[in-house]
>>> print(open('query.cif').read())   # mmCIF, C-alpha atoms
data_structure
loop_
_atom_site.label_atom_id
_atom_site.label_comp_id
_atom_site.auth_asym_id
_atom_site.auth_seq_id
_atom_site.Cartn_x
_atom_site.Cartn_y
_atom_site.Cartn_z
CA MET L 1 93.42 -37.59 33.19
CA ALA L 2 95.19 -40.83 34.19
CA LEU L 3 93.67 -44.08 32.97
CA ILE L 4 92.84 -46.83 35.46
CA LYS L 5 94.94 -49.32 33.51
CA ASP L 6 98.03 -47.20 34.27
CA ILE L 7 98.02 -48.35 37.89
CA TYR L 8 100.05 -51.30 36.60
CA THR L 9 103.48 -49.66 36.55
CA PRO L 10 106.99 -51.15 36.28
CA GLU L 11 107.55 -50.05 39.88
CA PHE L 12 104.51 -52.06 41.01
CA TYR L 13 105.70 -55.24 39.31
CA GLN L 14 109.21 -54.79 40.65
CA PHE L 15 107.83 -54.35 44.15
CA ILE L 16 105.67 -57.49 44.15
CA ALA L 17 108.48 -59.45 42.47
CA ASP L 18 110.71 -58.43 45.37
CA GLN L 19 108.02 -59.45 47.86
CA PHE L 20 107.63 -62.94 46.40
CA HIS L 21 111.41 -63.34 46.15
CA ARG L 22 111.66 -62.40 49.84
CA VAL L 23 109.49 -65.40 50.85
CA ASP L 24 110.82 -67.72 48.10
CA ASN L 25 114.30 -66.97 46.74
CA SER L 26 113.63 -69.21 43.75
CA PHE L 27 111.05 -66.71 42.46
CA ASN L 28 112.61 -65.33 39.26
CA ARG L 29 112.05 -61.60 39.47
CA GLU L 30 113.68 -60.65 36.17
CA GLN L 31 111.80 -63.26 34.12
CA PHE L 32 108.51 -62.44 35.83
CA ILE L 33 108.77 -58.76 34.92
CA LYS L 34 109.88 -59.64 31.40
CA ARG L 35 106.87 -61.94 31.06
CA VAL L 36 104.47 -59.25 32.28
CA PHE L 37 105.59 -56.75 29.66
CA SER L 38 105.78 -59.24 26.82
CA GLY L 39 103.35 -59.25 23.92
CA SER L 40 100.61 -56.62 23.73
CA PHE L 41 100.65 -55.44 27.37
CA HIS L 42 100.63 -51.76 26.42
CA GLU L 43 97.50 -52.19 24.29
CA MET L 44 95.58 -54.00 27.04
CA GLU L 45 92.80 -52.36 29.04
CA TRP L 46 92.57 -52.59 32.83
CA LYS L 47 90.72 -55.91 33.16
CA GLN L 48 92.93 -57.47 30.50
CA ARG L 49 96.04 -56.32 32.35
CA THR L 50 94.66 -57.74 35.59
CA LYS L 51 94.08 -61.19 34.06
CA HIS L 52 97.40 -61.04 32.22
CA SER L 53 99.25 -60.16 35.44
CA THR L 54 97.55 -63.00 37.31
CA ALA L 55 98.52 -65.48 34.58
CA ALA L 56 102.10 -64.19 34.52
CA LEU L 57 102.38 -64.56 38.30
CA HIS L 58 101.02 -68.11 38.05
CA GLU L 59 103.87 -69.11 35.72
CA PHE L 60 106.40 -68.39 38.48
CA MET L 61 104.45 -69.87 41.40
CA PRO L 62 104.35 -73.50 42.59
CA THR L 63 102.09 -75.74 40.53
CA SER L 64 100.16 -76.79 43.64
CA PHE L 65 97.57 -74.17 44.57
CA SER L 66 98.03 -74.98 48.24
CA GLU L 67 101.75 -74.16 48.02
CA ALA L 68 101.11 -71.08 45.88
CA ALA L 69 98.49 -69.85 48.35
CA THR L 70 101.00 -70.20 51.19
CA LEU L 71 103.43 -67.89 49.37
CA LEU L 72 100.64 -65.46 48.49
CA THR L 73 99.37 -65.19 52.05
CA GLN L 74 102.92 -64.84 53.40
CA VAL L 75 103.42 -61.87 51.08
CA VAL L 76 100.12 -60.34 52.18
CA GLU L 77 100.85 -60.88 55.87
CA HIS L 78 104.17 -59.08 55.45
CA LEU L 79 102.44 -56.18 53.68
CA LEU L 80 99.94 -55.98 56.54
CA GLU L 81 102.70 -56.07 59.15
CA THR L 82 104.58 -53.26 57.42
CA LYS L 83 101.33 -51.27 56.96
CA HIS L 84 101.77 -51.03 53.21
CA PRO L 85 98.97 -48.81 51.83
CA GLY L 86 98.11 -51.20 48.99
CA GLY L 87 95.84 -50.11 46.17
CA LEU L 88 93.54 -51.38 43.45
CA GLU L 89 96.45 -52.88 41.49
CA TYR L 90 96.72 -55.61 44.15
CA VAL L 91 93.40 -57.02 42.95
CA ILE L 92 95.57 -59.59 41.15
CA PHE L 93 95.92 -61.33 44.55
CA PRO L 94 92.21 -62.20 45.00
CA ASP L 95 92.01 -62.80 41.25
CA TYR L 96 94.73 -65.44 41.67
CA ILE L 97 92.63 -67.26 44.28
CA GLU L 98 89.51 -67.02 42.12
CA THR L 99 91.30 -68.27 39.00
CA TYR L 100 93.44 -71.07 40.40
CA GLY L 101 91.79 -71.99 43.70
CA ILE L 102 88.24 -72.82 42.69
CA GLU L 103 88.91 -76.57 43.02
CA ASP L 104 90.57 -76.24 46.44
CA PHE L 105 87.74 -74.88 48.58
CA GLU L 106 89.32 -75.03 52.02
CA THR L 107 92.63 -73.45 50.99
CA ALA L 108 90.87 -70.74 48.99
CA VAL L 109 88.59 -69.83 51.92
CA GLN L 110 91.57 -69.55 54.27
CA SER L 111 93.40 -67.40 51.71
CA PHE L 112 90.41 -65.07 51.21
CA GLU L 113 90.25 -64.51 54.95
CA ILE L 114 93.83 -63.21 55.01
CA VAL L 115 94.04 -61.45 51.63
CA THR L 116 90.81 -59.45 52.07
CA ARG L 117 92.40 -57.67 55.03
CA PHE L 118 94.79 -56.09 52.50
CA ILE L 119 92.73 -55.93 49.28
CA THR L 120 89.03 -56.73 49.18
CA CYS L 121 88.04 -60.13 47.79
CA GLU L 122 84.38 -59.23 47.19
CA PHE L 123 84.55 -59.99 43.46
CA ALA L 124 86.69 -63.12 43.70
CA VAL L 125 84.48 -64.83 46.26
CA ARG L 126 81.37 -64.84 44.08
CA PRO L 127 82.22 -67.85 41.86
CA PHE L 128 82.65 -69.81 45.09
CA ILE L 129 79.10 -68.90 46.16
CA ILE L 130 77.80 -70.04 42.78
CA ASN L 131 79.84 -73.26 42.78
CA TYR L 132 79.55 -74.24 46.44
CA GLY L 133 76.27 -72.66 47.51
CA SER L 134 75.38 -73.21 51.17
CA ARG L 135 78.90 -74.43 51.96
CA MET L 136 80.34 -71.06 50.99
CA ILE L 137 77.51 -69.13 52.66
CA ALA L 138 78.29 -70.98 55.90
CA GLU L 139 81.89 -69.77 55.72
CA MET L 140 80.73 -66.22 55.08
CA GLU L 141 78.43 -66.39 58.10
CA ARG L 142 81.51 -67.37 60.11
CA TRP L 143 83.34 -64.40 58.59
CA SER L 144 80.54 -62.12 59.77
CA LYS L 145 81.74 -62.80 63.34
CA SER L 146 85.43 -62.14 62.60
CA PRO L 147 87.39 -59.66 64.75
CA HIS L 148 88.63 -58.04 61.53
CA PRO L 149 86.24 -55.50 59.94
CA GLN L 150 87.57 -56.21 56.44
CA VAL L 151 86.59 -59.88 56.83
CA ARG L 152 83.15 -58.98 58.22
CA ARG L 153 82.64 -56.60 55.31
CA LEU L 154 83.55 -59.38 52.86
CA ALA L 155 80.75 -61.50 54.34
CA SER L 156 78.20 -58.83 53.42
CA GLU L 157 79.69 -57.25 50.31
CA GLY L 158 80.68 -60.54 48.70
CA SER L 159 77.17 -61.94 49.18
CA ARG L 160 75.32 -59.00 47.62
CA PRO L 161 72.89 -60.38 45.02
CA ARG L 162 73.64 -57.54 42.59
CA LEU L 163 77.16 -56.31 43.37
CA PRO L 164 78.06 -53.65 40.74
CA TRP L 165 80.81 -54.57 38.23
CA ALA L 166 80.62 -58.18 39.41
CA MET L 167 78.76 -61.30 38.34
CA ALA L 168 75.25 -61.47 39.75
CA ILE L 169 74.24 -64.43 41.92
CA PRO L 170 70.93 -65.65 40.47
CA SER L 171 70.13 -67.94 43.41
CA LEU L 172 70.37 -65.02 45.87
CA LYS L 173 68.36 -62.74 43.58
CA ASN L 174 65.61 -65.35 43.59
CA ASP L 175 65.87 -66.18 47.30
CA PRO L 176 68.07 -64.03 49.56
CA SER L 177 67.04 -65.88 52.74
CA PRO L 178 70.41 -67.76 52.99
CA ILE L 179 72.27 -64.49 53.64
CA LEU L 180 69.83 -62.88 56.09
CA SER L 181 71.68 -64.35 59.08
CA ILE L 182 74.87 -62.65 57.82
CA LEU L 183 73.10 -59.29 57.71
CA GLN L 184 71.54 -59.90 61.10
CA ASN L 185 74.99 -60.48 62.59
CA LEU L 186 76.24 -57.21 61.10
CA HIS L 187 73.23 -54.91 61.46
CA ASN L 188 74.76 -52.99 64.39
CA ASP L 189 78.44 -53.46 63.49
CA PRO L 190 80.91 -50.93 64.97
CA SER L 191 82.56 -50.41 61.56
CA GLU L 192 80.96 -47.83 59.26
CA SER L 193 82.26 -49.60 56.13
CA VAL L 194 80.59 -52.83 57.28
CA ARG L 195 77.29 -51.08 58.03
CA ARG L 196 77.37 -49.37 54.64
CA SER L 197 77.88 -52.77 53.01
CA VAL L 198 74.88 -54.18 54.89
CA ALA L 199 72.78 -51.26 53.62
CA ASN L 200 73.94 -51.88 50.05
CA ASN L 201 73.08 -55.56 50.39
CA LEU L 202 69.59 -54.67 51.61
CA ASN L 203 69.18 -52.27 48.70
CA ASP L 204 70.08 -55.09 46.30
CA ILE L 205 67.48 -57.32 47.92
CA ALA L 206 64.86 -54.56 47.79
CA LYS L 207 65.01 -54.52 44.00
CA ASP L 208 63.58 -58.05 43.89
CA HIS L 209 61.93 -58.48 47.30
CA PRO L 210 60.72 -55.08 48.59
CA HIS L 211 58.37 -56.50 51.20
CA LEU L 212 61.17 -58.58 52.73
CA VAL L 213 63.27 -55.46 53.20
CA LEU L 214 60.29 -53.62 54.68
CA THR L 215 59.87 -56.46 57.17
CA ILE L 216 63.55 -56.17 58.11
CA ALA L 217 63.20 -52.38 58.41
CA ARG L 218 60.36 -52.78 60.91
CA GLN L 219 62.35 -55.35 62.91
CA TRP L 220 65.50 -53.21 63.07
CA ASN L 221 63.82 -49.84 63.48
CA GLY L 222 64.90 -48.01 66.63
CA ILE L 223 67.64 -50.44 67.69
CA SER L 224 70.26 -47.71 67.31
CA LYS L 225 71.04 -44.64 65.24
CA ASN L 226 73.46 -46.71 63.18
CA THR L 227 70.85 -49.36 62.46
CA ASP L 228 68.29 -46.71 61.51
CA ALA L 229 70.83 -45.29 59.07
CA ILE L 230 71.38 -48.75 57.56
CA ILE L 231 67.63 -49.15 57.04
CA LYS L 232 67.30 -45.74 55.43
CA HIS L 233 70.19 -46.33 53.03
CA GLY L 234 69.03 -49.86 52.35
CA CYS L 235 65.58 -48.58 51.37
CA ARG L 236 66.87 -45.83 49.08
CA THR L 237 65.71 -47.50 45.86
CA LEU L 238 62.24 -48.05 47.32
CA LEU L 239 62.16 -44.41 48.39
CA LYS L 240 63.20 -43.22 44.93
CA GLN L 241 60.50 -45.42 43.40
CA GLY L 242 57.91 -43.93 45.73
CA HIS L 243 56.98 -47.35 47.10
CA PRO L 244 53.77 -46.68 49.11
CA ALA L 245 54.68 -48.92 52.06
CA ILE L 246 58.11 -47.34 52.58
CA LEU L 247 56.68 -43.82 52.23
CA SER L 248 54.16 -44.71 54.92
CA PHE L 249 56.94 -46.21 57.07
CA TYR L 250 58.80 -42.88 56.99
CA GLY L 251 55.70 -40.70 57.23
CA LEU L 252 56.31 -39.08 53.86
CA ASP L 253 53.27 -37.39 52.29
CA SER L 254 53.57 -34.81 49.52
CA SER L 255 50.00 -33.49 49.60
CA ASP L 256 50.69 -30.65 52.06
CA PHE L 257 53.72 -29.27 50.23
CA HIS L 258 53.56 -26.62 47.54
CA LEU L 259 56.42 -26.01 45.10
CA ARG L 260 56.70 -22.84 43.06
CA ASN L 261 59.05 -20.58 41.13
CA LEU L 262 61.35 -23.21 39.68
CA SER L 263 63.90 -21.15 37.78
CA ILE L 264 66.88 -22.30 35.73
CA HIS L 265 69.45 -19.52 35.93
CA THR L 266 71.74 -21.09 33.33
CA PRO L 267 69.41 -22.29 30.55
CA ALA L 268 72.41 -22.97 28.29
CA VAL L 269 75.22 -24.83 30.07
CA LYS L 270 78.57 -25.70 28.54
CA ILE L 271 80.12 -29.09 29.27
CA GLY L 272 82.61 -28.42 32.07
CA GLU L 273 80.42 -25.79 33.76
CA HIS L 274 77.48 -25.83 36.20
CA LEU L 275 73.71 -25.83 35.92
CA ILE L 276 72.27 -23.40 38.48
CA PHE L 277 68.61 -23.55 39.49
CA SER L 278 66.35 -22.46 42.38
CA PHE L 279 62.80 -22.93 43.65
CA GLU L 280 60.61 -22.41 46.72
CA ILE L 281 58.93 -25.09 48.83
CA GLU L 282 56.19 -24.44 51.37
CA ASN L 283 54.57 -26.61 54.01
CA GLY L 284 50.94 -25.70 53.44
CA SER L 285 49.88 -27.33 56.68
CA SER L 286 49.88 -25.68 60.07
CA ALA L 287 51.41 -28.86 61.53
CA PRO L 288 55.05 -30.04 61.15
CA ARG L 289 55.60 -32.42 58.23
CA SER L 290 58.48 -34.64 57.10
CA LEU L 291 59.96 -33.66 53.75
CA ARG L 292 62.40 -35.60 51.57
CA LEU L 293 63.49 -33.23 48.83
CA GLU L 294 65.34 -34.36 45.70
CA TYR L 295 65.83 -33.37 42.12
CA GLY L 296 65.93 -35.53 39.04
CA LEU L 297 68.36 -34.78 36.23
CA TYR L 298 67.42 -36.23 32.86
CA TYR L 299 70.68 -36.81 31.00
CA GLN L 300 70.64 -37.23 27.25
CA LYS L 301 72.09 -40.54 26.10
CA SER L 302 73.92 -41.34 22.88
CA ASN L 303 70.65 -42.49 21.25
CA GLY L 304 68.87 -39.22 22.07
CA GLN L 305 66.76 -40.73 24.86
CA LEU L 306 66.72 -39.23 28.36
CA SER L 307 67.82 -41.14 31.47
CA ARG L 308 67.02 -39.83 34.96
CA LYS L 309 69.44 -39.74 37.89
CA VAL L 310 68.13 -38.62 41.28
CA PHE L 311 70.09 -36.35 43.65
CA LYS L 312 69.13 -35.74 47.27
CA ILE L 313 68.79 -32.17 48.53
CA SER L 314 67.63 -32.65 52.11
CA GLU L 315 65.41 -34.60 54.44
CA ARG L 316 64.03 -32.94 57.57
CA ILE L 317 60.92 -31.75 59.40
CA TYR L 318 59.32 -28.60 57.98
CA GLN L 319 57.47 -26.59 60.58
CA GLY L 320 53.89 -25.52 59.96
CA THR L 321 53.61 -22.97 57.08
CA GLU L 322 57.41 -22.91 56.72
CA ILE L 323 58.70 -21.62 53.35
CA ASN L 324 62.22 -22.31 52.14
CA ARG L 325 64.10 -21.13 49.06
CA ILE L 326 66.49 -23.71 47.61
CA GLU L 327 69.35 -23.01 45.20
CA ARG L 328 71.59 -25.71 43.80
CA LYS L 329 74.46 -26.21 41.37
CA GLN L 330 74.87 -29.33 39.26
CA SER L 331 78.30 -29.95 37.79
CA PHE L 332 78.85 -30.98 34.19
CA LYS L 333 82.59 -31.30 34.60
CA LEU L 334 84.04 -34.22 32.67
CA ILE L 335 84.36 -37.37 34.77
CA THR L 336 85.43 -40.91 33.95
CA THR L 337 82.12 -42.49 35.04
CA ARG L 338 79.79 -40.48 32.79
CA LYS L 339 79.92 -39.20 29.24
CA PHE L 340 77.93 -36.05 28.47
CA TYR L 341 76.04 -35.51 25.23
CA ALA L 342 75.07 -32.05 24.04
CA GLY L 343 71.38 -31.32 23.53
CA LYS L 344 68.16 -30.92 25.47
CA HIS L 345 68.19 -32.07 29.10
CA LYS L 346 65.56 -31.76 31.82
CA ILE L 347 65.43 -31.19 35.54
CA SER L 348 62.56 -32.05 37.89
CA ILE L 349 61.87 -31.49 41.59
CA ILE L 350 60.84 -34.52 43.66
CA VAL L 351 58.79 -33.91 46.81
CA ASN L 352 58.46 -36.94 49.10
CA GLU L 353 59.19 -39.19 46.12
CA GLN L 354 56.54 -37.50 43.97
CA GLU L 355 57.95 -35.88 40.85
CA THR L 356 56.48 -32.42 40.34
CA VAL L 357 57.48 -29.65 37.95
CA GLN L 358 60.01 -30.10 35.15
CA GLN L 359 61.99 -27.67 33.02
CA GLU L 360 64.33 -28.07 30.08
CA PHE L 361 67.83 -26.69 29.59
CA GLU L 362 70.44 -27.00 26.86
CA LEU L 363 73.82 -28.64 27.31
CA LEU L 364 76.41 -27.27 24.88
CA HIS L 365 79.84 -28.41 23.77
CA ASN L 366 82.60 -26.40 25.33
#
>>> encode(input="query.cif", output="structure tokens")
Amino acid sequence: MALIKDIYTPEFYQFIADQFHRVDNSFNREQFIKRVFSGSFHEMEWKQRTKHSTAALHEFMPTSFSEAATLLTQVVEHLLETKHPGGLEYVIFPDYIETYGIEDFETAVQSFEIVTRFITCEFAVRPFIINYGSRMIAEMERWSKSPHPQVRRLASEGSRPRLPWAMAIPSLKNDPSPILSILQNLHNDPSESVRRSVANNLNDIAKDHPHLVLTIARQWNGISKNTDAIIKHGCRTLLKQGHPAILSFYGLDSSDFHLRNLSIHTPAVKIGEHLIFSFEIENGSSAPRSLRLEYGLYYQKSNGQLSRKVFKISERIYQGTEINRIERKQSFKLITTRKFYAGKHKISIIVNEQETVQQEFELLHN
């Protein structure tokens, strides 16, 4: 399995060296590449290689950030014109703006607006929110009206209070009201990636201010199918927590549903294989009822404790007295984002956010 740090290849550095030399023939390609691979590059992890690459690039750029930003945006504009596919390795471009442009607000903002159309600047923009506050939020509100979906997405994604893998923004965790106008501008955006970002932003807010998100859900409800989908995805944490107000909002009540015959068909699962389980669910009422059906998987952690992750099965209307048999597979194939530990695990069935029966199974080393 390839490591993420291996995206930084000699071919990548040669390519960007050629790109900078194209816009500035004084850019020393050979020395830049030599500098990149000097020292302990091969022992560095991904984030270290990113910072190292940014610093190496800086050594061969103009001292003035304004002049360096001009070269950087010229390179990016050429890559956009030639429809270069890009990739995560180009994160060194927004990292350059974050690292060397923090004191030059206006130039950095203009650079973000161009660079994010090629490689997202959602991480790099966050120190500017922390340092410049309302001044930066005002620029992001302007971005939310951009003709470019990547720029509109940056307005929402970059302002998330709890963006994963990025620094949190304490002021927005405490009071998200400054970014609500951004979300309002984007709540019915034509781009799916922008709408998904709005939903993720709402979900971040819901973790600290659930009633604010419920108020927004009521205001946006029924505007369009897309907006309804944003609300639903934005309330997913509240739904998983079984928040009474959101359950009422979606008409979810577990009292009429009866679950039976939970069976684990693979009580001993090897790492790399699948857990297979089944159960039956019945609407005990004669009237149609909404049902959100999920299962919780309790993974064993390195310290022996169990940690639950929730997986959605379905969400639909069950007709009166309807009975349905559900069978599912859960993969334990090795992935880079989760490490599996052998030992006792558990599975539970969640009916309209209410956890019901649980059963244990054993995860074994392959």
>>> resolve_selection(input="query.cif", expression="the PyMOL selection byres ((chain L and resi 96-111) around 9)", output="PyMOL selection string")
chain L and resi 51+54-55+57-58+65-66+69-70+72-73+91-95+112-116+123-128+131-132+136+139
>>> atom_distance(input="query.cif", atom1="atom CA of L:Tyr8", atom2="atom CA of L:Leu154")
24.5 Å
>>> closest_residue(input="query.cif", among="L:Trp46, L:Tyr298, L:Phe311, L:Phe118", to="L:Val76", atoms="only C-alpha atoms")
L:Phe118
>>> atom_distance(input="query.cif", atom1="atom CA of L:Glu360", atom2="atom CA of L:Arg308")
13.0 Å
>>> resolve_selection(input="query.cif", expression="the PyMOL selection byres ((chain L and resi 285) around 10)", output="PyMOL selection string")
chain L and resi 255-258+282-284+286-289+318-322
>>> resolve_selection(input="query.cif", expression="the PyMOL selection byres ((chain L and resi 151) around 9)", output="list in words")
Phe112, Glu113, Ile114, Thr116, Arg117, Thr120, Met140, Trp143, Ser144, Lys145, Ser146, Pro147, His148, Pro149, Gln150, Arg152, Arg153, Leu154 and Ala155 of chain L
>>> atom_distance(input="query.cif", atom1="atom CA of L:Thr237", atom2="atom CA of L:Asn201")
11.8 Å
>>> closest_residue(input="query.cif", among="L:Ile246, L:Ala342, L:Ala68, L:Ile347", to="L:Ile276", atoms="all atoms listed in the file")
L:Ile347
>>> residues_around(input="query.cif", residues="L:His52", least_positions_apart="4", cutoff="8 Å", atoms="all atoms listed in the file", output="MDAnalysis selection string")
chainID L and resid 36 48 56
>>> residues_near_point(input="query.cif", point="(92.7, -52.4, 29.9)", cutoff="12 Å", atoms="all atoms listed in the file", output="PyMOL selection string")
chain L and resi 3-8+40-53
>>> residues_around(input="query.cif", residues="L:Ala166", least_positions_apart="3", cutoff="10 Å", atoms="only C-alpha atoms", output="list in words")
Glu122, Phe123, Ala124, Arg126, Gly158, Arg160, Pro161, Arg162, Leu163 and Ile169 of chain L
>>> write_last_selection(input="query.cif", atoms="C-alpha atoms", output="mmCIF file, in the coordinates of the input")
data_model
loop_
_atom_site.group_PDB
_atom_site.id
_atom_site.type_symbol
_atom_site.label_atom_id
_atom_site.label_comp_id
_atom_site.auth_asym_id
_atom_site.auth_seq_id
_atom_site.Cartn_x
_atom_site.Cartn_y
_atom_site.Cartn_z
ATOM 1 C CA GLU L 122 84.380 -59.230 47.190
ATOM 2 C CA PHE L 123 84.550 -59.990 43.460
ATOM 3 C CA ALA L 124 86.690 -63.120 43.700
ATOM 4 C CA ARG L 126 81.370 -64.840 44.080
ATOM 5 C CA GLY L 158 80.680 -60.540 48.700
ATOM 6 C CA ARG L 160 75.320 -59.000 47.620
ATOM 7 C CA PRO L 161 72.890 -60.380 45.020
ATOM 8 C CA ARG L 162 73.640 -57.540 42.590
ATOM 9 C CA LEU L 163 77.160 -56.310 43.370
ATOM 10 C CA ILE L 169 74.240 -64.430 41.920
#
>>> residues_around(input="query.cif", residues="L:Asn25", least_positions_apart="6", cutoff="12 Å", atoms="all atoms listed in the file", output="VMD selection string")
chain L and resid 17 to 19 60 to 61 71
>>> residues_around(input="query.cif", residues="L:Ser181", least_positions_apart="2", cutoff="12 Å", atoms="only C-alpha atoms", output="VMD selection string")
chain L and resid 137 to 138 140 to 145 155 to 156 159 176 to 179 183 to 187 198 216
>>> build_atoms(input="query.cif", residues="stretch 177-192 of chain L", atoms="N, CA, C and O atoms", output="short mmCIF file (atom, residue, chain, number, x, y, z; two decimals), in the coordinates of the input")
data_model
loop_
_atom_site.label_atom_id
_atom_site.label_comp_id
_atom_site.auth_asym_id
_atom_site.auth_seq_id
_atom_site.Cartn_x
_atom_site.Cartn_y
_atom_site.Cartn_z
N SER L 177 67.14 -65.42 51.34
CA SER L 177 67.04 -65.88 52.74
C SER L 177 68.34 -66.50 53.27
O SER L 177 68.64 -66.35 54.47
N PRO L 178 69.18 -67.18 52.43
CA PRO L 178 70.41 -67.76 52.99
C PRO L 178 71.38 -66.73 53.58
O PRO L 178 72.20 -67.10 54.43
N ILE L 179 71.30 -65.47 53.14
CA ILE L 179 72.27 -64.49 53.64
C ILE L 179 71.69 -63.57 54.72
O ILE L 179 72.40 -62.70 55.22
N LEU L 180 70.44 -63.77 55.09
CA LEU L 180 69.83 -62.88 56.09
C LEU L 180 70.51 -63.00 57.45
O LEU L 180 70.60 -62.02 58.19
N SER L 181 70.99 -64.20 57.80
CA SER L 181 71.68 -64.35 59.08
C SER L 181 72.99 -63.57 59.09
O SER L 181 73.41 -63.06 60.15
N ILE L 182 73.65 -63.46 57.93
CA ILE L 182 74.87 -62.65 57.82
C ILE L 182 74.54 -61.19 58.12
O ILE L 182 75.22 -60.53 58.92
N LEU L 183 73.49 -60.69 57.50
CA LEU L 183 73.10 -59.29 57.71
C LEU L 183 72.65 -59.05 59.14
O LEU L 183 72.92 -57.99 59.72
N GLN L 184 71.97 -60.03 59.70
CA GLN L 184 71.54 -59.90 61.10
C GLN L 184 72.74 -59.78 62.02
O GLN L 184 72.75 -58.97 62.96
N ASN L 185 73.78 -60.55 61.77
CA ASN L 185 74.99 -60.48 62.59
C ASN L 185 75.67 -59.13 62.50
O ASN L 185 76.39 -58.72 63.43
N LEU L 186 75.48 -58.43 61.37
CA LEU L 186 76.24 -57.21 61.10
C LEU L 186 75.39 -55.94 61.19
O LEU L 186 75.91 -54.85 60.95
N HIS L 187 74.12 -56.06 61.58
CA HIS L 187 73.23 -54.91 61.46
C HIS L 187 73.56 -53.78 62.43
O HIS L 187 73.13 -52.64 62.22
N ASN L 188 74.36 -54.05 63.46
CA ASN L 188 74.76 -52.99 64.39
C ASN L 188 76.29 -53.01 64.55
O ASN L 188 76.82 -52.74 65.63
N ASP L 189 76.99 -53.30 63.45
CA ASP L 189 78.44 -53.46 63.49
C ASP L 189 79.12 -52.13 63.85
O ASP L 189 78.66 -51.06 63.44
N PRO L 190 80.22 -52.18 64.61
CA PRO L 190 80.91 -50.93 64.97
C PRO L 190 81.61 -50.25 63.80
O PRO L 190 81.94 -49.06 63.88
N SER L 191 81.84 -50.98 62.70
CA SER L 191 82.56 -50.41 61.56
C SER L 191 81.58 -49.78 60.57
O SER L 191 80.64 -50.42 60.11
N GLU L 192 81.84 -48.52 60.22
CA GLU L 192 80.96 -47.83 59.26
C GLU L 192 80.99 -48.51 57.89
O GLU L 192 79.96 -48.62 57.22
#
